[in-house]
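The structure file target.txt is reproduced below (compact mmCIF, C-alpha atoms).
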```
# COMPACT_ATOMS: atom_id res chain seq x y z
CA MET A 1 97.32 154.34 -2.02
CA ASN A 2 94.29 152.66 -0.53
CA THR A 3 91.10 153.51 -2.35
CA LYS A 4 87.68 152.21 -1.53
CA SER A 5 85.53 150.78 -4.27
CA ASN A 6 82.10 149.23 -4.23
CA ILE A 7 83.48 146.50 -6.49
CA ASN A 8 85.66 143.87 -4.88
CA GLN A 9 87.10 141.44 -7.39
CA ASP A 10 88.04 138.98 -4.63
CA GLU A 11 84.50 138.39 -3.31
CA PHE A 12 82.86 135.23 -4.59
CA TYR A 13 79.80 133.71 -2.97
CA THR A 14 77.82 130.59 -3.68
CA ILE A 15 74.07 130.66 -4.12
CA ILE A 16 73.50 129.15 -0.69
CA GLN A 17 75.36 131.91 1.16
CA LYS A 18 73.45 134.81 2.70
CA GLU A 19 75.96 137.35 1.27
CA PHE A 20 75.11 136.22 -2.29
CA TRP A 21 71.44 137.10 -1.86
CA LEU A 22 72.26 140.41 -0.16
CA LYS A 23 74.52 141.37 -3.09
CA TRP A 24 71.92 140.13 -5.58
CA PHE A 25 69.14 142.15 -3.95
CA SER A 26 71.37 145.23 -3.78
CA LYS A 27 72.22 144.88 -7.48
CA LEU A 28 68.53 144.46 -8.31
CA MET A 29 67.59 147.62 -6.40
CA PHE A 30 70.34 149.69 -8.03
CA THR A 31 69.24 148.38 -11.43
CA LEU A 32 65.62 149.29 -10.76
CA ILE A 33 66.51 152.89 -9.96
CA SER A 34 68.88 153.12 -12.91
CA VAL A 35 68.14 155.77 -15.54
CA LYS A 36 69.33 153.35 -18.22
CA LEU A 37 66.66 150.84 -17.26
CA TRP A 38 63.86 153.39 -17.37
CA GLY A 39 65.17 154.73 -20.68
CA LEU A 40 65.14 151.23 -22.17
CA ILE A 41 61.65 150.57 -20.84
CA ALA A 42 60.34 153.86 -22.25
CA CYS A 43 61.97 153.38 -25.68
CA THR A 44 60.72 149.81 -25.95
CA TRP A 45 57.20 150.70 -24.80
CA VAL A 46 56.84 153.67 -27.18
CA SER A 47 58.21 151.74 -30.15
CA THR A 48 55.95 148.77 -29.36
CA TYR A 49 52.93 151.07 -29.09
CA LEU A 50 53.78 152.65 -32.45
CA LEU A 51 54.16 149.17 -33.96
CA LEU A 52 50.82 147.93 -32.65
CA CYS A 53 48.94 151.10 -33.65
CA HIS A 54 50.41 151.12 -37.17
CA GLU A 55 47.98 152.20 -39.87
CA MET A 56 47.95 153.84 -43.24
CA LEU A 57 45.97 157.09 -43.46
CA PRO A 58 44.92 158.02 -47.01
CA VAL A 59 44.86 161.75 -47.69
CA GLY A 60 43.96 162.62 -51.25
CA ASP A 61 46.32 160.86 -53.64
CA GLN A 62 48.85 160.00 -50.94
CA ALA A 63 48.88 157.64 -47.97
CA TYR A 64 50.56 158.61 -44.72
CA GLU A 65 51.95 156.04 -42.38
CA LEU A 66 51.09 156.40 -38.72
CA GLY A 67 53.34 154.30 -36.54
CA ILE A 68 56.31 152.14 -37.44
CA THR A 69 56.82 148.86 -39.25
CA GLY A 70 58.32 145.70 -37.78
CA ALA A 71 61.67 146.35 -39.48
CA GLN A 72 61.79 149.87 -38.04
CA TRP A 73 60.93 148.49 -34.59
CA VAL A 74 63.75 145.93 -34.74
CA THR A 75 66.26 148.48 -36.04
CA PHE A 76 65.37 151.07 -33.41
CA ASN A 77 65.35 148.72 -30.43
CA THR A 78 68.49 146.77 -31.33
CA THR A 79 70.33 150.05 -31.91
CA ILE A 80 69.27 151.57 -28.57
CA TRP A 81 69.86 148.39 -26.56
CA GLY A 82 73.16 147.73 -28.35
CA LEU A 83 74.43 151.26 -27.68
CA ILE A 84 73.53 151.20 -24.00
CA PHE A 85 74.93 147.74 -23.28
CA GLY A 86 77.90 148.34 -25.57
CA MET A 87 78.81 151.51 -23.69
CA LYS A 88 78.40 149.65 -20.40
CA GLU A 89 80.96 147.07 -21.54
CA ILE A 90 83.30 149.76 -22.85
CA PHE A 91 83.18 151.53 -19.47
CA ARG A 92 83.79 148.22 -17.69
CA VAL A 93 86.85 147.50 -19.85
CA MET A 94 88.16 151.06 -19.38
CA ASP A 95 87.68 150.77 -15.60
CA ASN A 96 89.79 147.60 -15.59
CA LYS A 97 92.40 149.33 -17.78
CA ASP A 98 92.45 152.35 -15.44
CA ARG A 99 92.96 150.04 -12.45
CA SER A 100 95.81 148.26 -14.26
CA ASP A 101 97.37 151.58 -15.25
CA ALA A 102 97.15 152.85 -11.67
CA LYS A 103 98.87 149.67 -10.45
CA ILE A 104 101.64 150.05 -13.05
CA ILE A 105 102.14 153.73 -12.17
CA LYS A 106 102.33 152.85 -8.47
CA GLN A 107 104.96 150.16 -9.18
CA ASP A 108 106.86 152.57 -11.46
CA ASN A 109 106.91 155.24 -8.74
CA GLU A 110 108.14 152.72 -6.19
CA SER A 111 110.92 151.67 -8.59
CA LYS A 112 111.92 155.30 -9.16
CA GLU A 113 112.05 155.86 -5.39
CA GLU A 114 114.31 152.82 -4.98
CA ILE A 115 116.60 154.02 -7.78
CA ALA A 116 116.74 157.48 -6.20
CA LYS A 117 117.70 155.95 -2.83
CA ILE A 118 120.43 153.83 -4.44
CA THR A 119 121.74 156.79 -6.42
CA ALA A 120 121.73 159.02 -3.34
CA SER A 121 123.61 156.41 -1.31
CA THR A 122 126.28 156.02 -3.99
CA MET A 123 126.74 159.75 -4.49
CA THR A 124 127.43 160.52 -0.84
CA GLY A 125 131.07 159.72 -1.22
CA GLY A 126 133.39 157.01 0.06
CA SER A 127 133.15 155.26 3.37
CA GLU A 128 136.06 157.15 4.93
CA PRO A 129 135.34 160.63 6.31
CA GLY A 130 136.49 163.58 4.23
CA SER A 131 136.49 161.70 0.92
CA THR A 132 134.51 163.30 -1.86
CA SER A 133 133.76 162.26 -5.35
CA THR A 134 132.76 164.36 -8.29
CA TYR A 135 130.25 163.54 -10.98
CA THR A 136 129.68 164.76 -14.48
CA ALA A 137 126.36 166.21 -15.61
CA ASP A 138 125.23 162.82 -16.91
CA GLY A 139 125.88 161.14 -13.53
CA LYS A 140 129.23 159.45 -14.24
CA GLU A 141 131.80 159.58 -11.48
CA VAL A 142 135.12 161.27 -12.22
CA VAL A 143 137.89 159.32 -10.54
CA ALA A 144 141.28 160.87 -9.71
CA ASP A 145 142.69 162.82 -12.66
CA GLU A 146 140.50 161.48 -15.47
CA PRO A 147 139.63 164.02 -18.11
CA ASN A 148 136.00 165.14 -18.19
```
In structure tokens, how does this file's structure come out?
Amino acid sequence: MNTKSNINQDEFYTIIQKEFWLKWFSKLMFTLISVKLWGLIACTWVSTYLLLCHEMLPVGDQAYELGITGAQWVTFNTTIWGLIFGMKEIFRVMDNKDRSDAKIIKQDNESKEEIAKITASTMTGGSEPGSTSTYTADGKEVVADEPN
């Protein structure tokens, strides 16, 4: 199973190599067109605008708050940024787990194929022509006149 991925764990470049800067620029461009980035920019800009334009508007006996306070700004932004970057890390961990699981499944399937080959070679009978052997339902060989 040979799958292509845009992530190669074996590629490491130093800062003086041309490939490093090509990868860096590529990562920068993908980040700039990312929906997450624009969502973070919009949320931060709107919350900052509401913080800066905060005022109390008195109407009759009551005062209405227009905008948000500093504590609300911090709570909102840390929650949004934490969720987005937290989910990014969760997906990264799950991707590594999926890769590990796929490798284990591949090794397990190869082991099962080897066991099947060995079992098939042992169940074909003796080395001399015309000899046959019988097996019980659970795979044990019945030799000569043994009771089942």
List as a ChimeraX atom specification the protein and nucleic acid residues near range 77-93 of chain A, meaning an atom at most 12 Å away when all atoms listed in the file are counted, but skip any in the same chain fewer than 3 places from it. /A:7,35-48,51,68,70-74,96-100
What's around Gly67 in chain A at 8 Å? Count only C-alpha atoms, leave out sequence neighbours fewer than 6 positions away in its own chain, and write the answer as a PyMOL selection string. chain A and resi 50-55
Can you spit out the residues from that selection as an mmCIF file, in the coordinates of the input, using C-alpha atoms?
```cif
data_model
loop_
_atom_site.group_PDB
_atom_site.id
_atom_site.type_symbol
_atom_site.label_atom_id
_atom_site.label_comp_id
_atom_site.auth_asym_id
_atom_site.auth_seq_id
_atom_site.Cartn_x
_atom_site.Cartn_y
_atom_site.Cartn_z
ATOM 1 C CA LEU A 50 53.780 152.650 -32.450
ATOM 2 C CA LEU A 51 54.160 149.170 -33.960
ATOM 3 C CA LEU A 52 50.820 147.930 -32.650
ATOM 4 C CA CYS A 53 48.940 151.100 -33.650
ATOM 5 C CA HIS A 54 50.410 151.120 -37.170
ATOM 6 C CA GLU A 55 47.980 152.200 -39.870
#
```
Give me the box for range 37-44 of chain A as JSON, namely the centre and edge lengths in Å to one decimal of a box along x, y and z that holds every listed atom plus 4 Å on each side.
```
{"center_x": 63.5, "center_y": 152.3, "center_z": -21.6, "size_x": 14.3, "size_y": 12.9, "size_z": 16.7}
```
Please report the interatomic distance between CA of Glu114 in chain A and CA of Ala102 in chain A in Å with one decimal.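 CA of Glu114 in chain A sits 18.4 Å away from CA of Ala102 in chain A.
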How far is it from CA of Ile33 in chain A to CA of Phe12 in chain A, in Å with one decimal?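 Separation of CA of Ile33 in chain A and CA of Phe12 in chain A: 24.7 Å.
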Atom-to-atom span, CA of Glu19 in chain A and CA of Leu32 in chain A, Å: 19.9 Å
